[in-house]
$ cat structure-v1.cif   # mmCIF, N, CA and C atoms
data_target
loop_
_atom_site.label_atom_id
_atom_site.label_comp_id
_atom_site.auth_asym_id
_atom_site.auth_seq_id
_atom_site.Cartn_x
_atom_site.Cartn_y
_atom_site.Cartn_z
N MET C 1 7.50 15.30 -13.29
CA MET C 1 7.07 15.21 -11.91
C MET C 1 5.87 14.29 -11.78
N PHE C 2 5.75 13.76 -10.60
CA PHE C 2 4.66 12.84 -10.31
C PHE C 2 3.67 13.53 -9.39
N ASP C 3 2.49 13.80 -9.90
CA ASP C 3 1.47 14.54 -9.17
C ASP C 3 0.69 13.66 -8.20
N THR C 4 0.44 12.42 -8.60
CA THR C 4 -0.35 11.49 -7.79
C THR C 4 0.47 10.24 -7.57
N VAL C 5 0.81 9.98 -6.32
CA VAL C 5 1.70 8.88 -5.97
C VAL C 5 0.94 7.88 -5.10
N LEU C 6 1.12 6.61 -5.40
CA LEU C 6 0.50 5.53 -4.64
C LEU C 6 1.57 4.80 -3.84
N LEU C 7 1.32 4.63 -2.56
CA LEU C 7 2.21 3.87 -1.67
C LEU C 7 1.42 2.72 -1.06
N PRO C 8 1.57 1.50 -1.58
CA PRO C 8 0.91 0.36 -0.95
C PRO C 8 1.71 -0.05 0.29
N VAL C 9 1.02 -0.32 1.39
CA VAL C 9 1.68 -0.73 2.62
C VAL C 9 1.01 -1.95 3.22
N ASP C 10 1.80 -2.71 3.94
CA ASP C 10 1.29 -3.82 4.74
C ASP C 10 1.31 -3.33 6.18
N LEU C 11 0.17 -3.16 6.79
CA LEU C 11 0.10 -2.61 8.14
C LEU C 11 0.80 -3.49 9.18
N ASN C 12 0.99 -4.74 8.86
CA ASN C 12 1.66 -5.66 9.78
C ASN C 12 3.16 -5.72 9.56
N GLU C 13 3.67 -4.96 8.60
CA GLU C 13 5.09 -5.03 8.26
C GLU C 13 5.65 -3.63 8.05
N GLU C 14 6.32 -3.11 9.08
CA GLU C 14 6.87 -1.75 9.02
C GLU C 14 7.83 -1.57 7.85
N SER C 15 8.52 -2.62 7.47
CA SER C 15 9.47 -2.50 6.36
C SER C 15 8.78 -2.18 5.03
N SER C 16 7.46 -2.34 4.97
CA SER C 16 6.74 -2.03 3.73
C SER C 16 6.58 -0.53 3.53
N TRP C 17 6.86 0.26 4.59
CA TRP C 17 6.69 1.71 4.45
C TRP C 17 7.84 2.52 5.06
N ARG C 18 8.64 1.95 5.94
CA ARG C 18 9.67 2.69 6.67
C ARG C 18 10.57 3.52 5.75
N LYS C 19 11.10 2.93 4.69
CA LYS C 19 11.98 3.66 3.76
C LYS C 19 11.20 4.24 2.57
N ALA C 20 10.11 3.59 2.20
CA ALA C 20 9.36 4.02 1.01
C ALA C 20 8.51 5.26 1.26
N LEU C 21 7.99 5.41 2.48
CA LEU C 21 7.13 6.57 2.78
C LEU C 21 7.85 7.90 2.57
N PRO C 22 9.06 8.09 3.08
CA PRO C 22 9.75 9.37 2.82
C PRO C 22 10.02 9.64 1.34
N VAL C 23 10.27 8.59 0.58
CA VAL C 23 10.50 8.75 -0.85
C VAL C 23 9.21 9.19 -1.53
N ALA C 24 8.12 8.53 -1.21
CA ALA C 24 6.82 8.91 -1.79
C ALA C 24 6.46 10.33 -1.39
N GLU C 25 6.69 10.67 -0.14
CA GLU C 25 6.40 12.03 0.34
C GLU C 25 7.20 13.07 -0.43
N SER C 26 8.47 12.80 -0.69
CA SER C 26 9.30 13.78 -1.40
C SER C 26 8.80 14.02 -2.82
N HIS C 27 8.31 12.98 -3.49
CA HIS C 27 7.75 13.15 -4.84
C HIS C 27 6.47 13.97 -4.80
N VAL C 28 5.64 13.72 -3.82
CA VAL C 28 4.38 14.46 -3.68
C VAL C 28 4.65 15.93 -3.37
N ARG C 29 5.58 16.18 -2.48
CA ARG C 29 5.92 17.56 -2.12
C ARG C 29 6.47 18.33 -3.32
N ALA C 30 7.31 17.68 -4.11
CA ALA C 30 7.92 18.34 -5.27
C ALA C 30 6.87 18.80 -6.28
N ALA C 31 5.78 18.06 -6.37
CA ALA C 31 4.74 18.37 -7.35
C ALA C 31 3.51 19.01 -6.71
N SER C 32 3.55 19.23 -5.39
CA SER C 32 2.36 19.68 -4.66
C SER C 32 1.17 18.79 -4.99
N GLY C 33 1.45 17.47 -4.99
CA GLY C 33 0.44 16.50 -5.39
C GLY C 33 -0.22 15.82 -4.22
N THR C 34 -0.73 14.64 -4.48
CA THR C 34 -1.47 13.86 -3.50
C THR C 34 -0.83 12.49 -3.34
N LEU C 35 -0.70 12.07 -2.10
CA LEU C 35 -0.19 10.74 -1.78
C LEU C 35 -1.36 9.84 -1.42
N HIS C 36 -1.48 8.75 -2.13
CA HIS C 36 -2.49 7.73 -1.83
C HIS C 36 -1.78 6.60 -1.11
N VAL C 37 -2.24 6.28 0.09
CA VAL C 37 -1.67 5.19 0.87
C VAL C 37 -2.71 4.09 0.94
N LEU C 38 -2.35 2.93 0.44
CA LEU C 38 -3.29 1.82 0.27
C LEU C 38 -2.81 0.60 1.04
N THR C 39 -3.73 -0.06 1.72
CA THR C 39 -3.45 -1.37 2.27
C THR C 39 -4.50 -2.34 1.73
N VAL C 40 -4.08 -3.57 1.52
CA VAL C 40 -4.97 -4.59 0.96
C VAL C 40 -5.13 -5.71 1.98
N LEU C 41 -6.38 -5.94 2.35
CA LEU C 41 -6.70 -7.02 3.28
C LEU C 41 -6.89 -8.32 2.52
N PRO C 42 -6.62 -9.44 3.16
CA PRO C 42 -6.77 -10.72 2.46
C PRO C 42 -8.24 -11.03 2.20
N ASP C 43 -8.46 -11.68 1.09
CA ASP C 43 -9.80 -12.13 0.72
C ASP C 43 -9.92 -13.57 1.20
N PHE C 44 -10.99 -13.89 1.89
CA PHE C 44 -11.14 -15.23 2.41
C PHE C 44 -11.72 -16.20 1.39
N GLY C 45 -11.85 -15.74 0.16
CA GLY C 45 -12.25 -16.63 -0.91
C GLY C 45 -13.72 -16.93 -0.93
N GLU C 46 -14.01 -18.19 -0.88
CA GLU C 46 -15.39 -18.64 -1.04
C GLU C 46 -16.30 -18.14 0.08
N ARG C 47 -17.55 -17.97 -0.26
CA ARG C 47 -18.52 -17.48 0.71
C ARG C 47 -18.67 -18.41 1.90
N ILE C 48 -18.46 -19.68 1.70
CA ILE C 48 -18.63 -20.62 2.81
C ILE C 48 -17.65 -20.30 3.93
N VAL C 49 -16.45 -19.85 3.61
CA VAL C 49 -15.48 -19.47 4.63
C VAL C 49 -16.01 -18.26 5.40
N GLY C 50 -16.52 -17.28 4.68
CA GLY C 50 -17.06 -16.08 5.30
C GLY C 50 -18.23 -16.35 6.22
N SER C 51 -18.93 -17.44 6.01
CA SER C 51 -20.09 -17.75 6.84
C SER C 51 -19.70 -18.12 8.27
N TYR C 52 -18.43 -18.39 8.51
CA TYR C 52 -17.97 -18.74 9.86
C TYR C 52 -17.61 -17.50 10.69
N PHE C 53 -17.67 -16.32 10.08
CA PHE C 53 -17.35 -15.09 10.79
C PHE C 53 -18.65 -14.38 11.16
N PRO C 54 -18.61 -13.54 12.21
CA PRO C 54 -19.80 -12.76 12.56
C PRO C 54 -20.23 -11.89 11.37
N PRO C 55 -21.50 -11.54 11.31
CA PRO C 55 -22.03 -10.81 10.14
C PRO C 55 -21.30 -9.51 9.82
N ASP C 56 -20.84 -8.79 10.81
CA ASP C 56 -20.19 -7.51 10.55
C ASP C 56 -18.66 -7.58 10.63
N PHE C 57 -18.10 -8.77 10.61
CA PHE C 57 -16.66 -8.96 10.78
C PHE C 57 -15.86 -8.21 9.72
N PHE C 58 -16.23 -8.35 8.47
CA PHE C 58 -15.46 -7.75 7.38
C PHE C 58 -15.53 -6.23 7.42
N GLU C 59 -16.69 -5.69 7.77
CA GLU C 59 -16.82 -4.24 7.89
C GLU C 59 -15.95 -3.71 9.03
N ARG C 60 -15.95 -4.44 10.17
CA ARG C 60 -15.11 -4.03 11.31
C ARG C 60 -13.63 -4.14 10.97
N MET C 61 -13.26 -5.20 10.26
CA MET C 61 -11.86 -5.39 9.87
C MET C 61 -11.41 -4.25 8.95
N GLU C 62 -12.24 -3.88 8.01
CA GLU C 62 -11.91 -2.79 7.09
C GLU C 62 -11.84 -1.45 7.83
N ALA C 63 -12.77 -1.20 8.75
CA ALA C 63 -12.76 0.05 9.52
C ALA C 63 -11.52 0.12 10.41
N ALA C 64 -11.15 -0.98 11.02
CA ALA C 64 -9.95 -1.00 11.87
C ALA C 64 -8.71 -0.76 11.04
N ALA C 65 -8.64 -1.37 9.87
CA ALA C 65 -7.48 -1.17 9.00
C ALA C 65 -7.39 0.28 8.54
N LEU C 66 -8.52 0.88 8.21
CA LEU C 66 -8.52 2.29 7.80
C LEU C 66 -8.07 3.18 8.94
N GLY C 67 -8.53 2.91 10.14
CA GLY C 67 -8.09 3.67 11.31
C GLY C 67 -6.59 3.55 11.53
N ASP C 68 -6.07 2.34 11.41
CA ASP C 68 -4.63 2.11 11.57
C ASP C 68 -3.84 2.82 10.48
N LEU C 69 -4.35 2.79 9.26
CA LEU C 69 -3.68 3.45 8.14
C LEU C 69 -3.67 4.97 8.33
N GLU C 70 -4.78 5.52 8.76
CA GLU C 70 -4.85 6.96 9.01
C GLU C 70 -3.92 7.37 10.15
N ALA C 71 -3.81 6.53 11.18
CA ALA C 71 -2.90 6.81 12.29
C ALA C 71 -1.45 6.77 11.82
N LEU C 72 -1.12 5.79 11.00
CA LEU C 72 0.24 5.69 10.46
C LEU C 72 0.59 6.96 9.68
N CYS C 73 -0.32 7.43 8.86
CA CYS C 73 -0.08 8.64 8.07
C CYS C 73 0.03 9.87 8.96
N ALA C 74 -0.84 9.98 9.95
CA ALA C 74 -0.82 11.13 10.85
C ALA C 74 0.48 11.19 11.64
N GLN C 75 1.00 10.04 12.02
CA GLN C 75 2.22 9.99 12.81
C GLN C 75 3.49 10.18 11.98
N ASN C 76 3.41 9.91 10.69
CA ASN C 76 4.63 9.89 9.88
C ASN C 76 4.67 10.90 8.74
N LEU C 77 3.60 11.65 8.56
CA LEU C 77 3.56 12.65 7.49
C LEU C 77 3.16 14.00 8.06
N PRO C 78 3.77 15.07 7.56
CA PRO C 78 3.35 16.40 8.02
C PRO C 78 1.94 16.73 7.53
N ALA C 79 1.26 17.59 8.27
CA ALA C 79 -0.14 17.92 7.96
C ALA C 79 -0.31 18.55 6.59
N GLU C 80 0.71 19.24 6.08
CA GLU C 80 0.56 19.92 4.79
C GLU C 80 0.61 18.97 3.59
N VAL C 81 0.96 17.71 3.80
CA VAL C 81 0.96 16.74 2.70
C VAL C 81 -0.47 16.23 2.50
N SER C 82 -0.95 16.31 1.27
CA SER C 82 -2.28 15.83 0.93
C SER C 82 -2.25 14.31 0.85
N VAL C 83 -3.04 13.67 1.72
CA VAL C 83 -3.02 12.21 1.81
C VAL C 83 -4.43 11.65 1.68
N VAL C 84 -4.56 10.57 0.93
CA VAL C 84 -5.80 9.81 0.84
C VAL C 84 -5.47 8.39 1.29
N CYS C 85 -6.18 7.89 2.29
CA CYS C 85 -5.98 6.53 2.78
C CYS C 85 -7.09 5.64 2.23
N ALA C 86 -6.71 4.44 1.83
CA ALA C 86 -7.69 3.53 1.25
C ALA C 86 -7.41 2.10 1.68
N VAL C 87 -8.48 1.33 1.83
CA VAL C 87 -8.40 -0.08 2.17
C VAL C 87 -9.16 -0.86 1.11
N ARG C 88 -8.53 -1.89 0.60
CA ARG C 88 -9.18 -2.78 -0.36
C ARG C 88 -9.07 -4.21 0.16
N THR C 89 -9.87 -5.08 -0.39
CA THR C 89 -9.82 -6.50 -0.04
C THR C 89 -9.64 -7.30 -1.31
N GLY C 90 -8.73 -8.27 -1.28
CA GLY C 90 -8.53 -9.12 -2.43
C GLY C 90 -7.08 -9.47 -2.66
N SER C 91 -6.75 -9.71 -3.90
CA SER C 91 -5.38 -10.02 -4.30
C SER C 91 -4.55 -8.74 -4.26
N VAL C 92 -3.43 -8.77 -3.57
CA VAL C 92 -2.63 -7.57 -3.35
C VAL C 92 -2.29 -6.88 -4.67
N TYR C 93 -1.64 -7.60 -5.57
CA TYR C 93 -1.18 -6.96 -6.80
C TYR C 93 -2.33 -6.50 -7.69
N ARG C 94 -3.41 -7.26 -7.72
CA ARG C 94 -4.56 -6.84 -8.54
C ARG C 94 -5.21 -5.58 -7.98
N GLU C 95 -5.33 -5.52 -6.67
CA GLU C 95 -5.94 -4.34 -6.04
C GLU C 95 -5.05 -3.11 -6.20
N ILE C 96 -3.73 -3.29 -6.13
CA ILE C 96 -2.82 -2.16 -6.35
C ILE C 96 -3.00 -1.64 -7.77
N LYS C 97 -3.01 -2.54 -8.74
CA LYS C 97 -3.18 -2.13 -10.14
C LYS C 97 -4.51 -1.43 -10.35
N GLN C 98 -5.58 -2.01 -9.84
CA GLN C 98 -6.91 -1.43 -10.03
C GLN C 98 -7.00 -0.05 -9.37
N TYR C 99 -6.48 0.08 -8.16
CA TYR C 99 -6.53 1.36 -7.46
C TYR C 99 -5.71 2.41 -8.21
N ALA C 100 -4.53 2.03 -8.66
CA ALA C 100 -3.67 2.97 -9.41
C ALA C 100 -4.38 3.43 -10.67
N ASP C 101 -5.05 2.53 -11.36
CA ASP C 101 -5.79 2.90 -12.57
C ASP C 101 -6.96 3.82 -12.25
N GLU C 102 -7.72 3.49 -11.22
CA GLU C 102 -8.90 4.28 -10.85
C GLU C 102 -8.55 5.70 -10.42
N THR C 103 -7.41 5.86 -9.78
CA THR C 103 -7.03 7.17 -9.25
C THR C 103 -6.05 7.91 -10.15
N ASN C 104 -5.75 7.33 -11.30
CA ASN C 104 -4.81 7.93 -12.26
C ASN C 104 -3.47 8.28 -11.62
N CYS C 105 -2.96 7.36 -10.83
CA CYS C 105 -1.66 7.58 -10.21
C CYS C 105 -0.56 7.64 -11.27
N ASP C 106 0.41 8.51 -11.03
CA ASP C 106 1.55 8.65 -11.94
C ASP C 106 2.69 7.72 -11.55
N LEU C 107 2.78 7.43 -10.25
CA LEU C 107 3.91 6.68 -9.71
C LEU C 107 3.44 5.79 -8.58
N ILE C 108 3.96 4.57 -8.56
CA ILE C 108 3.73 3.66 -7.45
C ILE C 108 5.09 3.45 -6.78
N VAL C 109 5.15 3.74 -5.48
CA VAL C 109 6.38 3.56 -4.71
C VAL C 109 6.16 2.36 -3.80
N MET C 110 7.06 1.38 -3.89
CA MET C 110 6.95 0.17 -3.07
C MET C 110 8.28 -0.16 -2.43
N ALA C 111 8.22 -0.82 -1.30
CA ALA C 111 9.43 -1.28 -0.63
C ALA C 111 9.97 -2.52 -1.33
N SER C 112 11.26 -2.77 -1.12
CA SER C 112 11.90 -3.91 -1.76
C SER C 112 11.57 -5.22 -1.05
N HIS C 113 11.88 -6.29 -1.72
CA HIS C 113 11.67 -7.64 -1.22
C HIS C 113 12.63 -7.96 -0.08
N ARG C 114 12.11 -8.65 0.91
CA ARG C 114 12.97 -9.12 2.00
C ARG C 114 13.08 -10.64 1.85
N PRO C 115 14.17 -11.11 1.29
CA PRO C 115 14.25 -12.53 0.93
C PRO C 115 14.17 -13.50 2.10
N GLN C 116 14.49 -13.05 3.31
CA GLN C 116 14.49 -13.98 4.44
C GLN C 116 13.10 -14.20 5.02
N LEU C 117 12.12 -13.41 4.61
CA LEU C 117 10.78 -13.55 5.16
C LEU C 117 9.75 -13.72 4.06
N SER C 118 8.65 -14.35 4.41
CA SER C 118 7.53 -14.43 3.49
C SER C 118 6.58 -13.30 3.86
N ASP C 119 6.52 -12.26 3.04
CA ASP C 119 5.71 -11.09 3.35
C ASP C 119 4.44 -11.07 2.53
N HIS C 120 3.42 -10.44 3.10
CA HIS C 120 2.12 -10.32 2.43
C HIS C 120 2.21 -9.39 1.24
N LEU C 121 2.90 -8.28 1.37
CA LEU C 121 2.92 -7.28 0.32
C LEU C 121 4.21 -7.29 -0.49
N LEU C 122 5.31 -7.61 0.12
CA LEU C 122 6.60 -7.46 -0.51
C LEU C 122 6.95 -8.69 -1.33
N GLY C 123 7.93 -8.57 -2.19
CA GLY C 123 8.44 -9.71 -2.93
C GLY C 123 7.68 -9.93 -4.22
N ALA C 124 7.01 -11.06 -4.31
CA ALA C 124 6.35 -11.43 -5.56
C ALA C 124 5.31 -10.40 -5.98
N ASN C 125 4.62 -9.80 -5.03
CA ASN C 125 3.62 -8.79 -5.37
C ASN C 125 4.27 -7.55 -5.98
N ALA C 126 5.39 -7.10 -5.40
CA ALA C 126 6.10 -5.95 -5.94
C ALA C 126 6.60 -6.25 -7.35
N ALA C 127 7.11 -7.45 -7.55
CA ALA C 127 7.60 -7.84 -8.87
C ALA C 127 6.46 -7.85 -9.89
N TRP C 128 5.31 -8.39 -9.51
CA TRP C 128 4.16 -8.43 -10.42
C TRP C 128 3.72 -7.02 -10.77
N VAL C 129 3.62 -6.16 -9.75
CA VAL C 129 3.21 -4.77 -9.98
C VAL C 129 4.16 -4.10 -10.96
N ALA C 130 5.45 -4.25 -10.73
CA ALA C 130 6.45 -3.61 -11.60
C ALA C 130 6.32 -4.07 -13.05
N ARG C 131 5.94 -5.33 -13.26
CA ARG C 131 5.83 -5.86 -14.62
C ARG C 131 4.51 -5.54 -15.30
N HIS C 132 3.44 -5.37 -14.55
CA HIS C 132 2.11 -5.35 -15.17
C HIS C 132 1.34 -4.03 -15.13
N VAL C 133 1.76 -3.08 -14.35
CA VAL C 133 1.00 -1.83 -14.30
C VAL C 133 1.46 -0.88 -15.39
N GLY C 134 0.61 0.07 -15.73
CA GLY C 134 0.96 1.07 -16.73
C GLY C 134 1.69 2.27 -16.15
N GLN C 135 1.71 2.38 -14.83
CA GLN C 135 2.36 3.50 -14.17
C GLN C 135 3.85 3.22 -13.95
N SER C 136 4.59 4.29 -13.70
CA SER C 136 5.98 4.12 -13.29
C SER C 136 5.99 3.51 -11.89
N VAL C 137 6.97 2.65 -11.63
CA VAL C 137 7.09 2.00 -10.34
C VAL C 137 8.49 2.23 -9.80
N MET C 138 8.56 2.69 -8.57
CA MET C 138 9.85 2.87 -7.92
C MET C 138 9.92 1.89 -6.75
N VAL C 139 10.90 1.01 -6.78
CA VAL C 139 11.10 0.06 -5.70
C VAL C 139 12.21 0.61 -4.82
N VAL C 140 11.89 0.86 -3.57
CA VAL C 140 12.84 1.43 -2.62
C VAL C 140 13.46 0.30 -1.84
N ARG C 141 14.78 0.21 -1.94
CA ARG C 141 15.48 -0.86 -1.27
C ARG C 141 15.69 -0.53 0.20
N ASP C 142 15.36 -1.48 1.05
CA ASP C 142 15.60 -1.36 2.49
C ASP C 142 16.84 -2.18 2.79
N THR C 143 17.98 -1.53 2.82
CA THR C 143 19.24 -2.25 2.98
C THR C 143 19.31 -2.99 4.30
N ALA C 144 18.68 -2.50 5.33
CA ALA C 144 18.68 -3.19 6.62
C ALA C 144 17.91 -4.50 6.53
N ALA C 145 16.84 -4.51 5.75
CA ALA C 145 16.02 -5.71 5.62
C ALA C 145 16.69 -6.75 4.76
N ALA C 146 17.58 -6.35 3.86
CA ALA C 146 18.20 -7.29 2.94
C ALA C 146 19.36 -8.04 3.57
N GLN C 147 19.81 -7.60 4.73
CA GLN C 147 20.96 -8.24 5.36
C GLN C 147 20.60 -9.51 6.07
#
$ encode --input "structure-v1.cif" --output "structure tokens"
Amino acid sequence: MFDTVLLPVDLNEESSWRKALPVAESHVRAASGTLHVLTVLPDFGERIVGSYFPPDFFERMEAAALGDLEALCAQNLPAEVSVVCAVRTGSVYREIKQYADETNCDLIVMASHRPQLSDHLLGANAAWVARHVGQSVMVVRDTAAAQ
């Protein structure tokens, strides 16, 4: 059984969680464990780029993302499921790996690649995660997205 499950999601792409969230939830329920739902915000790279944004822009962006993530969980998960929401900034696959390691996740559940679109979280990031993390990875295929 998987006691601690990580579900990375792209808040801008429902297909990143629509089919994967129920799968992650079922694993957590079976073990009476905890579901970690993570979103990764893009890193703007060099500091010079960041200097063009208002001083509190990144803090507001992170707070808004956390609020959106908590709302997504509240709307789609029953109250009895133990959920931890987290927001990171940086490279998607690196942040997923680091978060999974830090929280001792047993399983990472991710949505499948949608070949017709260029997605922030899906595709190459899911493939990298599956190849490089020490945890088990379950890729949930979204048959509607693959058509």
$ atom_distance --input "structure-v1.cif" --atom1 "atom C of Val139 (chain C)" --atom2 "atom N of Leu107 (chain C)"
12.8 Å
$ residues_around --input "structure-v1.cif" --residues "Phe2 (chain C)" --least-positions-apart "4" --cutoff "8 Å" --atoms "only C-alpha atoms" --output "PyMOL selection string"
chain C and resi 27-28+31+33+106-107
$ closest_residue --input "structure-v1.cif" --among "C:Leu21, C:Val37, C:Val5, C:Ala126" --to "Val84 (chain C)" --atoms "only N, CA and C atoms"
C:Val37
$ closest_residue --input "structure-v1.cif" --among "C:Ala65, C:Leu7, C:Val140, C:Val81" --to "Ser32 (chain C)" --atoms "all atoms listed in the file"
C:Val81
$ closest_residue --input "structure-v1.cif" --among "C:Thr39, C:Gln135, C:Ser15, C:Ser51" --to "Ile108 (chain C)" --atoms "all atoms listed in the file"
C:Gln135
$ atom_distance --input "structure-v1.cif" --atom1 "CA of Leu77 (chain C)" --atom2 "CA of Ala100 (chain C)"
20.8 Å
$ atom_distance --input "structure-v1.cif" --atom1 "CA of Leu11 (chain C)" --atom2 "atom C of Asp43 (chain C)"
16.4 Å
$ select_by_dssp --input "structure-v1.cif" --residues "chain C" --states "helix (DSSP H, G or I)" --output "PyMOL selection string"
chain C and resi 14-16+20-31+47-50+57-76+92-102+124-132+143-146
$ residues_around --input "structure-v1.cif" --residues "region 129-131 of chain C" --least-positions-apart "5" --cutoff "8 Å" --atoms "all atoms listed in the file" --output "CSV table (one decimal) with N, CA and C atoms, in the coordinates of the input"
chain,number,residue,atom,x,y,z
C,92,VAL,N,-3.4,-8.8,-3.6
C,92,VAL,CA,-2.6,-7.6,-3.4
C,92,VAL,C,-2.3,-6.9,-4.7
C,93,TYR,N,-1.6,-7.6,-5.6
C,93,TYR,CA,-1.2,-7.0,-6.8
C,93,TYR,C,-2.3,-6.5,-7.7
C,94,ARG,N,-3.4,-7.3,-7.7
C,94,ARG,CA,-4.6,-6.8,-8.5
C,94,ARG,C,-5.2,-5.6,-8.0
C,96,ILE,N,-3.7,-3.3,-6.1
C,96,ILE,CA,-2.8,-2.2,-6.4
C,96,ILE,C,-3.0,-1.6,-7.8
C,97,LYS,N,-3.0,-2.5,-8.7
C,97,LYS,CA,-3.2,-2.1,-10.1
C,97,LYS,C,-4.5,-1.4,-10.4
C,123,GLY,N,7.9,-8.6,-2.2
C,123,GLY,CA,8.4,-9.7,-2.9
C,123,GLY,C,7.7,-9.9,-4.2
C,124,ALA,N,7.0,-11.1,-4.3
C,124,ALA,CA,6.4,-11.4,-5.6
C,124,ALA,C,5.3,-10.4,-6.0
C,136,SER,N,4.6,4.3,-13.7
C,136,SER,CA,6.0,4.1,-13.3
C,136,SER,C,6.0,3.5,-11.9
C,137,VAL,N,7.0,2.6,-11.6
C,137,VAL,CA,7.1,2.0,-10.3
C,137,VAL,C,8.5,2.2,-9.8
C,138,MET,N,8.6,2.7,-8.6
C,138,MET,CA,9.8,2.9,-7.9
C,138,MET,C,9.9,1.9,-6.8
$ closest_residue --input "structure-v1.cif" --among "C:Arg29, C:Arg60, C:Arg141, C:His132" --to "Asp3 (chain C)" --atoms "all atoms listed in the file"
C:Arg29
$ residues_around --input "structure-v1.cif" --residues "Pro8 (chain C)" --least-positions-apart "4" --cutoff "7 Å" --atoms "only N, CA and C atoms" --output "PDB file with N, CA and C atoms, in the coordinates of the input"
ATOM      1  N   SER C  16       7.460  -2.340   4.970  1.00  0.00           N
ATOM      2  CA  SER C  16       6.740  -2.030   3.730  1.00  0.00           C
ATOM      3  C   SER C  16       6.580  -0.530   3.530  1.00  0.00           C
ATOM      4  N   TRP C  17       6.860   0.260   4.590  1.00  0.00           N
ATOM      5  CA  TRP C  17       6.690   1.710   4.450  1.00  0.00           C
ATOM      6  C   TRP C  17       7.840   2.520   5.060  1.00  0.00           C
ATOM      7  N   HIS C  36      -1.480   8.750  -2.130  1.00  0.00           N
ATOM      8  CA  HIS C  36      -2.490   7.730  -1.830  1.00  0.00           C
ATOM      9  C   HIS C  36      -1.780   6.600  -1.110  1.00  0.00           C
ATOM     10  N   VAL C  37      -2.240   6.280   0.090  1.00  0.00           N
ATOM     11  CA  VAL C  37      -1.670   5.190   0.870  1.00  0.00           C
ATOM     12  C   VAL C  37      -2.710   4.090   0.940  1.00  0.00           C
ATOM     13  N   LEU C  38      -2.350   2.930   0.440  1.00  0.00           N
ATOM     14  CA  LEU C  38      -3.290   1.820   0.270  1.00  0.00           C
ATOM     15  C   LEU C  38      -2.810   0.600   1.040  1.00  0.00           C
ATOM     16  N   THR C  39      -3.730  -0.060   1.720  1.00  0.00           N
ATOM     17  CA  THR C  39      -3.450  -1.370   2.270  1.00  0.00           C
ATOM     18  C   THR C  39      -4.500  -2.340   1.730  1.00  0.00           C
ATOM     19  N   VAL C  40      -4.080  -3.570   1.520  1.00  0.00           N
ATOM     20  CA  VAL C  40      -4.970  -4.590   0.960  1.00  0.00           C
ATOM     21  C   VAL C  40      -5.130  -5.710   1.980  1.00  0.00           C
ATOM     22  N   ILE C 108       3.960   4.570  -8.560  1.00  0.00           N
ATOM     23  CA  ILE C 108       3.730   3.660  -7.450  1.00  0.00           C
ATOM     24  C   ILE C 108       5.090   3.450  -6.780  1.00  0.00           C
ATOM     25  N   VAL C 109       5.150   3.740  -5.480  1.00  0.00           N
ATOM     26  CA  VAL C 109       6.380   3.560  -4.710  1.00  0.00           C
ATOM     27  C   VAL C 109       6.160   2.360  -3.800  1.00  0.00           C
ATOM     28  N   MET C 110       7.060   1.380  -3.890  1.00  0.00           N
ATOM     29  CA  MET C 110       6.950   0.170  -3.070  1.00  0.00           C
ATOM     30  C   MET C 110       8.280  -0.160  -2.430  1.00  0.00           C
ATOM     31  N   ALA C 111       8.220  -0.820  -1.300  1.00  0.00           N
ATOM     32  CA  ALA C 111       9.430  -1.280  -0.630  1.00  0.00           C
ATOM     33  C   ALA C 111       9.970  -2.520  -1.330  1.00  0.00           C
TER      34      ALA C 111
END
$ closest_residue --input "structure-v1.cif" --among "C:Asn104, C:Leu41, C:Ser112, C:Glu59" --to "Leu6 (chain C)" --atoms "all atoms listed in the file"
C:Asn104
$ decode --input "structure-v1.cif" --residues "region 30-40 of chain C" --atoms "N, CA and C atoms" --output "CSV table (one decimal), in the first residue's frame"
chain,number,residue,atom,x,y,z
C,30,ALA,N,-7.2,3.8,0.7
C,30,ALA,CA,-6.9,2.4,1.0
C,30,ALA,C,-5.9,2.2,2.1
C,31,ALA,N,-5.0,3.2,2.2
C,31,ALA,CA,-4.0,3.1,3.2
C,31,ALA,C,-4.3,4.1,4.4
C,32,SER,N,-5.4,4.8,4.4
C,32,SER,CA,-5.6,5.9,5.3
C,32,SER,C,-4.4,6.8,5.4
C,33,GLY,N,-3.9,7.2,4.2
C,33,GLY,CA,-2.7,8.0,4.2
C,33,GLY,C,-3.0,9.4,3.9
C,34,THR,N,-2.0,10.1,3.3
C,34,THR,CA,-2.1,11.5,3.0
C,34,THR,C,-1.8,11.7,1.5
C,35,LEU,N,-2.6,12.6,1.0
C,35,LEU,CA,-2.4,13.0,-0.4
C,35,LEU,C,-1.8,14.4,-0.5
C,36,HIS,N,-0.7,14.4,-1.1
C,36,HIS,CA,0.0,15.7,-1.3
C,36,HIS,C,-0.3,16.2,-2.8
C,37,VAL,N,-0.8,17.4,-2.9
C,37,VAL,CA,-1.1,17.9,-4.2
C,37,VAL,C,-0.2,19.1,-4.4
C,38,LEU,N,0.6,19.0,-5.5
C,38,LEU,CA,1.6,20.0,-5.7
C,38,LEU,C,1.4,20.7,-7.1
C,39,THR,N,1.6,22.0,-7.1
C,39,THR,CA,1.7,22.7,-8.4
C,39,THR,C,3.0,23.4,-8.4
C,40,VAL,N,3.6,23.5,-9.6
C,40,VAL,CA,4.9,24.1,-9.8
C,40,VAL,C,4.8,25.4,-10.7
